[in-house]
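*Asks:* This is structure.pdb, which holds PDB, C-alpha atoms:
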MODEL        1
ATOM      1  CA  MET A1306     -17.200 -14.855 -11.515
ATOM      2  CA  ASP A1307     -17.427 -14.987 -15.295
ATOM      3  CA  PHE A1308     -13.986 -14.381 -16.835
ATOM      4  CA  ASN A1309     -15.648 -13.725 -20.203
ATOM      5  CA  LYS A1310     -17.338 -10.634 -18.782
ATOM      6  CA  ARG A1311     -15.228  -7.517 -19.175
ATOM      7  CA  LYS A1312     -16.084  -6.153 -15.719
ATOM      8  CA  ASP A1313     -14.862  -9.340 -14.042
ATOM      9  CA  LEU A1314     -11.706  -9.348 -16.153
ATOM     10  CA  VAL A1315     -10.932  -5.752 -15.167
ATOM     11  CA  PHE A1316     -11.359  -6.629 -11.486
ATOM     12  CA  ILE A1317      -8.930  -9.558 -11.806
ATOM     13  CA  ILE A1318      -6.332  -7.306 -13.455
ATOM     14  CA  LEU A1319      -6.737  -4.518 -10.881
ATOM     15  CA  ALA A1320      -6.630  -7.012  -8.004
ATOM     16  CA  GLY A1321      -3.500  -8.651  -9.415
ATOM     17  CA  PHE A1322      -1.590  -5.380  -9.575
ATOM     18  CA  PHE A1323      -2.966  -4.343  -6.176
ATOM     19  CA  ILE A1324      -1.800  -7.506  -4.395
ATOM     20  CA  THR A1325       1.534  -7.660  -6.240
ATOM     21  CA  ASN A1326       2.429  -4.077  -5.325
ATOM     22  CA  ALA A1327       1.473  -4.618  -1.683
ATOM     23  CA  ILE A1328       3.556  -7.788  -1.264
ATOM     24  CA  VAL A1329       6.599  -6.577  -3.218
ATOM     25  CA  ALA A1330       6.586  -3.360  -1.161
ATOM     26  CA  GLU A1331       6.896  -5.529   1.974
ATOM     27  CA  LEU A1332       9.756  -7.611   0.593
ATOM     28  CA  ILE A1333      11.912  -4.696  -0.585
ATOM     29  CA  GLY A1334      10.923  -2.395   2.276
ATOM     30  CA  GLY A1335      14.006  -3.067   4.395
ATOM     31  CA  LYS A1336      16.126  -0.926   2.064
ATOM     32  CA  LEU A1337      16.160   2.727   3.152
ATOM     33  CA  ILE A1338      16.862   5.523   0.682
ATOM     34  CA  GLN A1339      17.241   9.302   0.866
ATOM     35  CA  PHE A1340      14.669  11.545  -0.786
ATOM     36  CA  PHE A1341      16.031  14.907  -1.946
ATOM     37  CA  GLY A1342      18.508  14.847   0.957
ATOM     38  CA  LEU A1343      15.659  15.737   3.331
ATOM     39  CA  PHE A1344      14.335  12.486   4.752
ATOM     40  CA  THR A1345      14.835   8.729   4.806
ATOM     41  CA  GLN A1346      12.172   6.277   3.687
ATOM     42  CA  SER A1347      11.755   2.646   2.803
ATOM     43  CA  ILE A1348      12.144   2.068  -0.920
ATOM     44  CA  GLY A1349       8.752   0.350  -0.721
ATOM     45  CA  ILE A1350       7.093   3.772  -0.588
ATOM     46  CA  ILE A1351       7.702   4.083  -4.335
ATOM     47  CA  LEU A1352       5.156   1.332  -5.008
ATOM     48  CA  TRP A1353       2.313   2.724  -2.919
ATOM     49  CA  PRO A1354       1.200   5.435  -5.399
ATOM     50  CA  VAL A1355       0.057   2.585  -7.651
ATOM     51  CA  VAL A1356      -2.028   1.255  -4.746
ATOM     52  CA  PHE A1357      -3.585   4.736  -4.362
ATOM     53  CA  ILE A1358      -4.845   4.626  -7.951
ATOM     54  CA  LEU A1359      -6.017   1.011  -7.748
ATOM     55  CA  THR A1360      -7.909   1.567  -4.488
ATOM     56  CA  ASP A1361      -9.768   4.491  -6.018
ATOM     57  CA  LEU A1362     -10.591   2.643  -9.240
ATOM     58  CA  ILE A1363     -11.855  -0.439  -7.382
ATOM     59  CA  ASN A1364     -13.841   1.756  -4.986
ATOM     60  CA  GLU A1365     -15.469   3.570  -7.872
ATOM     61  CA  HIS A1366     -16.338   0.598 -10.055
ATOM     62  CA  TYR A1367     -16.837  -2.255  -7.555
ATOM     63  CA  GLY A1368     -17.973  -0.428  -4.411
ATOM     64  CA  LYS A1369     -17.178  -0.861  -0.719
ATOM     65  CA  GLN A1370     -17.458  -4.629  -0.805
ATOM     66  CA  GLY A1371     -14.973  -4.895  -3.663
ATOM     67  CA  VAL A1372     -12.280  -2.998  -1.750
ATOM     68  CA  ARG A1373     -13.012  -4.674   1.575
ATOM     69  CA  LYS A1374     -12.862  -8.183   0.145
ATOM     70  CA  LEU A1375      -9.642  -7.384  -1.688
ATOM     71  CA  THR A1376      -8.203  -5.872   1.507
ATOM     72  CA  TYR A1377      -8.984  -9.049   3.481
ATOM     73  CA  ILE A1378      -7.410 -11.202   0.762
ATOM     74  CA  THR A1379      -4.304  -9.000   0.598
ATOM     75  CA  VAL A1380      -3.848  -8.994   4.379
ATOM     76  CA  GLY A1381      -4.127 -12.793   4.337
ATOM     77  CA  LEU A1382      -1.522 -13.084   1.588
ATOM     78  CA  ILE A1383       0.843 -10.682   3.357
ATOM     79  CA  ALA A1384       0.492 -12.813   6.501
ATOM     80  CA  TYR A1385       1.163 -15.913   4.387
ATOM     81  CA  THR A1386       4.314 -14.204   3.046
ATOM     82  CA  PHE A1387       5.386 -13.554   6.642
ATOM     83  CA  ILE A1388       5.026 -17.264   7.451
ATOM     84  CA  LEU A1389       7.047 -18.304   4.396
ATOM     85  CA  ILE A1390       9.844 -15.850   5.254
ATOM     86  CA  SER A1391       9.882 -17.119   8.852
ATOM     87  CA  ILE A1392      10.300 -20.676   7.601
ATOM     88  CA  GLY A1393      13.082 -19.584   5.257
ATOM     89  CA  LEU A1394      14.904 -17.808   8.075
ATOM     90  CA  ASN A1395      14.953 -20.979  10.142
ATOM     91  CA  ILE A1396      16.333 -23.299   7.461
ATOM     92  CA  THR A1397      20.135 -23.388   7.410
ATOM     93  CA  ALA A1398      21.882 -22.616   4.116
ATOM     94  CA  VAL A1399      24.525 -24.959   2.705
ATOM     95  CA  PRO A1400      28.167 -23.694   2.967
ATOM     96  CA  PHE A1401      28.395 -22.944  -0.771
ATOM     97  CA  SER A1402      25.086 -21.023  -0.922
ATOM     98  CA  PRO A1403      25.536 -17.687  -2.785
ATOM     99  CA  VAL A1404      23.313 -16.108  -0.104
ATOM    100  CA  SER A1405      24.478 -16.863   3.429
ATOM    101  CA  ASP A1406      22.195 -17.225   6.441
ATOM    102  CA  GLU A1407      23.508 -13.910   7.768
ATOM    103  CA  ASN A1408      22.778 -11.995   4.559
ATOM    104  CA  PHE A1409      19.386 -13.634   4.221
ATOM    105  CA  ARG A1410      18.546 -12.692   7.798
ATOM    106  CA  ILE A1411      19.692  -9.090   7.337
ATOM    107  CA  VAL A1412      17.374  -8.601   4.356
ATOM    108  CA  PHE A1413      14.325 -10.637   5.267
ATOM    109  CA  GLY A1414      14.610 -10.298   9.038
ATOM    110  CA  GLN A1415      13.985  -6.563   8.692
ATOM    111  CA  SER A1416      11.222  -7.286   6.179
ATOM    112  CA  GLN A1417       9.411  -9.216   8.902
ATOM    113  CA  TRP A1418       9.080  -6.058  11.013
ATOM    114  CA  ILE A1419       7.821  -4.168   7.970
ATOM    115  CA  ILE A1420       5.308  -6.910   7.218
ATOM    116  CA  VAL A1421       3.947  -6.874  10.780
ATOM    117  CA  GLY A1422       3.593  -3.095  10.679
ATOM    118  CA  SER A1423       2.075  -3.192   7.219
ATOM    119  CA  ILE A1424      -0.534  -5.792   8.090
ATOM    120  CA  ILE A1425      -1.821  -3.565  10.885
ATOM    121  CA  ALA A1426      -1.441  -0.284   8.999
ATOM    122  CA  PHE A1427      -2.741  -1.581   5.663
ATOM    123  CA  PHE A1428      -5.860  -3.136   7.168
ATOM    124  CA  VAL A1429      -6.797  -0.058   9.210
ATOM    125  CA  SER A1430      -5.930   2.500   6.509
ATOM    126  CA  GLN A1431      -7.846   0.662   3.772
ATOM    127  CA  LEU A1432     -11.016   0.531   5.860
ATOM    128  CA  VAL A1433     -10.595   4.235   6.666
ATOM    129  CA  ASP A1434     -10.014   4.948   2.969
ATOM    130  CA  VAL A1435     -13.239   3.185   1.971
ATOM    131  CA  TYR A1436     -15.277   5.069   4.575
ATOM    132  CA  ILE A1437     -13.891   8.508   3.653
ATOM    133  CA  PHE A1438     -14.140   7.796  -0.097
ATOM    134  CA  TRP A1439     -17.851   6.978   0.109
ATOM    135  CA  LEU A1440     -18.523   9.822   2.518
ATOM    136  CA  PHE A1441     -17.213  12.260  -0.111
ATOM    137  CA  ARG A1442     -18.899  10.388  -2.971
ATOM    138  CA  ASN A1443     -22.309  10.462  -1.322
ATOM    139  CA  ARG A1444     -21.946  14.145  -0.413
ATOM    140  CA  THR A1445     -20.946  15.148  -3.960
ATOM    141  CA  GLY A1446     -23.432  12.947  -5.762
ATOM    142  CA  GLY A1447     -20.734  11.076  -7.644
ATOM    143  CA  LYS A1448     -19.092  14.243  -8.956
ATOM    144  CA  MET A1449     -15.577  15.578  -8.280
ATOM    145  CA  ILE A1450     -13.548  12.374  -8.549
ATOM    146  CA  TRP A1451     -10.412  14.279  -7.516
ATOM    147  CA  LEU A1452     -11.978  15.271  -4.182
ATOM    148  CA  ARG A1453     -12.920  11.806  -2.988
ATOM    149  CA  ALA A1454      -9.714  10.254  -4.330
ATOM    150  CA  THR A1455      -7.434  12.803  -2.655
ATOM    151  CA  GLY A1456      -9.592  13.263   0.453
ATOM    152  CA  SER A1457      -9.603   9.567   1.281
ATOM    153  CA  THR A1458      -5.841   9.389   0.727
ATOM    154  CA  VAL A1459      -5.151  12.342   3.046
ATOM    155  CA  ILE A1460      -6.714  10.519   6.004
ATOM    156  CA  SER A1461      -5.877   6.896   5.246
ATOM    157  CA  GLN A1462      -2.203   7.519   4.522
ATOM    158  CA  LEU A1463      -1.766   9.476   7.734
ATOM    159  CA  VAL A1464      -2.817   6.329   9.575
ATOM    160  CA  ASP A1465      -0.794   4.011   7.342
ATOM    161  CA  THR A1466       2.475   5.977   7.340
ATOM    162  CA  PHE A1467       2.802   6.487  11.078
ATOM    163  CA  ILE A1468       1.716   2.971  12.095
ATOM    164  CA  VAL A1469       3.926   1.073   9.657
ATOM    165  CA  GLN A1470       7.034   3.173  10.256
ATOM    166  CA  TYR A1471       6.690   2.972  14.034
ATOM    167  CA  VAL A1472       6.379  -0.804  14.002
ATOM    168  CA  ALA A1473       8.980  -1.347  11.260
ATOM    169  CA  PHE A1474      11.718   1.004  12.464
ATOM    170  CA  VAL A1475      11.115   2.207  16.036
ATOM    171  CA  LEU A1476      10.210  -1.106  17.693
ATOM    172  CA  PRO A1477      13.284  -2.952  16.328
ATOM    173  CA  GLY A1478      15.473  -0.005  17.391
ATOM    174  CA  LYS A1479      16.392   1.251  13.907
ATOM    175  CA  TRP A1480      15.100   4.802  14.538
ATOM    176  CA  THR A1481      14.737   7.035  17.578
ATOM    177  CA  ILE A1482      11.380   8.730  18.219
ATOM    178  CA  ASP A1483      12.739  12.003  16.806
ATOM    179  CA  GLU A1484      13.918  10.247  13.642
ATOM    180  CA  PHE A1485      10.557   8.518  13.384
ATOM    181  CA  ILE A1486       8.555  11.762  13.634
ATOM    182  CA  HIS A1487      10.845  13.501  11.133
ATOM    183  CA  ASN A1488      10.865  10.711   8.559
ATOM    184  CA  ALA A1489       7.196   9.751   8.948
ATOM    185  CA  SER A1490       6.105  13.382   8.575
ATOM    186  CA  TRP A1491       8.160  13.814   5.412
ATOM    187  CA  GLY A1492       7.005  10.440   4.122
ATOM    188  CA  TYR A1493       3.385  11.415   4.643
ATOM    189  CA  SER A1494       3.953  14.745   2.864
ATOM    190  CA  PHE A1495       5.616  12.885  -0.005
ATOM    191  CA  LYS A1496       2.613  10.575  -0.354
ATOM    192  CA  LEU A1497       0.237  13.545  -0.436
ATOM    193  CA  LEU A1498       2.225  15.230  -3.191
ATOM    194  CA  ILE A1499       2.214  11.999  -5.177
ATOM    195  CA  ALA A1500      -1.546  11.619  -4.634
ATOM    196  CA  ILE A1501      -2.122  15.092  -6.079
ATOM    197  CA  ALA A1502       0.222  14.404  -9.005
ATOM    198  CA  LEU A1503      -1.668  11.189  -9.777
ATOM    199  CA  ILE A1504      -5.081  12.848 -10.166
ATOM    200  CA  PRO A1505      -4.796  12.976 -14.006
ATOM    201  CA  PHE A1506      -3.933   9.242 -14.031
ATOM    202  CA  ILE A1507      -6.995   8.485 -11.911
ATOM    203  CA  TYR A1508      -9.211  10.276 -14.430
ATOM    204  CA  ALA A1509      -7.445   8.433 -17.255
ATOM    205  CA  GLY A1510      -8.010   5.109 -15.488
ATOM    206  CA  HIS A1511     -11.711   5.845 -15.024
ATOM    207  CA  TYR A1512     -12.029   6.776 -18.679
ATOM    208  CA  LEU A1513     -10.278   3.641 -19.952
ATOM    209  CA  ILE A1514     -12.248   1.295 -17.689
ATOM    210  CA  ASN A1515     -15.575   2.872 -18.626
ATOM    211  CA  LYS A1516     -14.686   2.723 -22.319
ATOM    212  CA  PHE A1517     -13.612  -0.937 -22.049
TER     213      PHE A1517
ENDMDL
END
Kindly transcribe the structure held in the file into structure tokens.
*Replies:*
Amino acid sequence: MDFNKRKDLVFIILAGFFITNAIVAELIGGKLIQFFGLFTQSIGIILWPVVFILTDLINEHYGKQGVRKLTYITVGLIAYTFILISIGLNITAVPFSPVSDENFRIVFGQSQWIIVGSIIAFFVSQLVDVYIFWLFRNRTGGKMIWLRATGSTVISQLVDTFIVQYVAFVLPGKWTIDEFIHNASWGYSFKLLIAIALIPFIYAGHYLINKF
């Protein structure tokens, strides 16, 4: 890869934001917040709209292989994060540590469940996203960016949302099945609304990258 070439530089920047958002979403995901008083979600959901845009931009400008390679790298780094957290959980804090073992375990212990769910969900949903994106792109002859961007998100995020929330919150006993169905359904709807709202930003991103 030639860092002096603009196309390579753009890929590095997009990949950096892509990986950073994915990992940070895992680390902060144990905190649950209320949306509009209707449903509960991990605060990590706020970061995923950025991933929607980045996936589309990388798909468009670097093709299937670009997204797949970046997905494999990101899954590997998320797994590496899981290992580092596991090590941290098993090292005893000194008595005067500002963060006790108990507090550390409460925050990052829950993050471990989210990471496990995310590794599975992220890997599957990204591969689905790539397939659907190129199915729409080939059928439309490269036209209608909004259709392939939104269409791929509709399917991939259905897979992602339900897998990650089941593993992260149902398996460790945080939610009942009814709570899971309610919150996952609302979370999925929220992601779809965000995906639609981000369409202008996707067009703006395409324009800026092409111009650069």
*Asks:* Taking all atoms listed in the file into account, name the residue in A:Val1399, A:Ala1500, A:Glu1365, A:Lys1336 that is nearest to A:Tyr1512.
*Replies:*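 Result for the nearest residue to A:Tyr1512: A:Glu1365.
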*Asks:* For this structure, which residues satisfy the selection - the PyMOL selection byres ((chain A and resi 1375-1380) around 9) - when it is evaluated on the file as given? I want them as JSON, numbers by chain.
*Replies:* {"A": [1320, 1323, 1324, 1327, 1328, 1370, 1371, 1372, 1373, 1374, 1381, 1382, 1383, 1384, 1385, 1423, 1424, 1425, 1427, 1428, 1431, 1432]}
*Asks:* Could you check the closest approach to A:Phe1506 for each of A:Trp1439, A:Trp1451, A:Ser1416, A:Leu1337 and tell me which residue wins, using all atoms listed in the file?
*Replies:* A:Trp1451
*Asks:* Choose the residue, out of A:Gln1339, A:Thr1397, A:Thr1345, A:Ser1457, that has the smallest atom-to-atom separation from A:Ile1486; count all atoms listed in the file.
*Replies:*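 Of all the options, A:Thr1345 lies closest to A:Ile1486.
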*Asks:* Measuring atom to atom with all atoms listed in the file, identify which of A:Ser1494, A:Thr1386, A:Gln1462, A:Ser1347 is nearest to A:Thr1325.
*Replies:*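 Of all the options, A:Thr1386 lies closest to A:Thr1325.
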*Asks:* Under the rule that all atoms listed in the file are counted, which of A:Leu1394, A:Val1421, A:Val1329, A:Val1315 is the nearest residue to A:Val1356?
*Replies:*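 Using all atoms listed in the file, the shortest distance to A:Val1356 belongs to A:Val1329.
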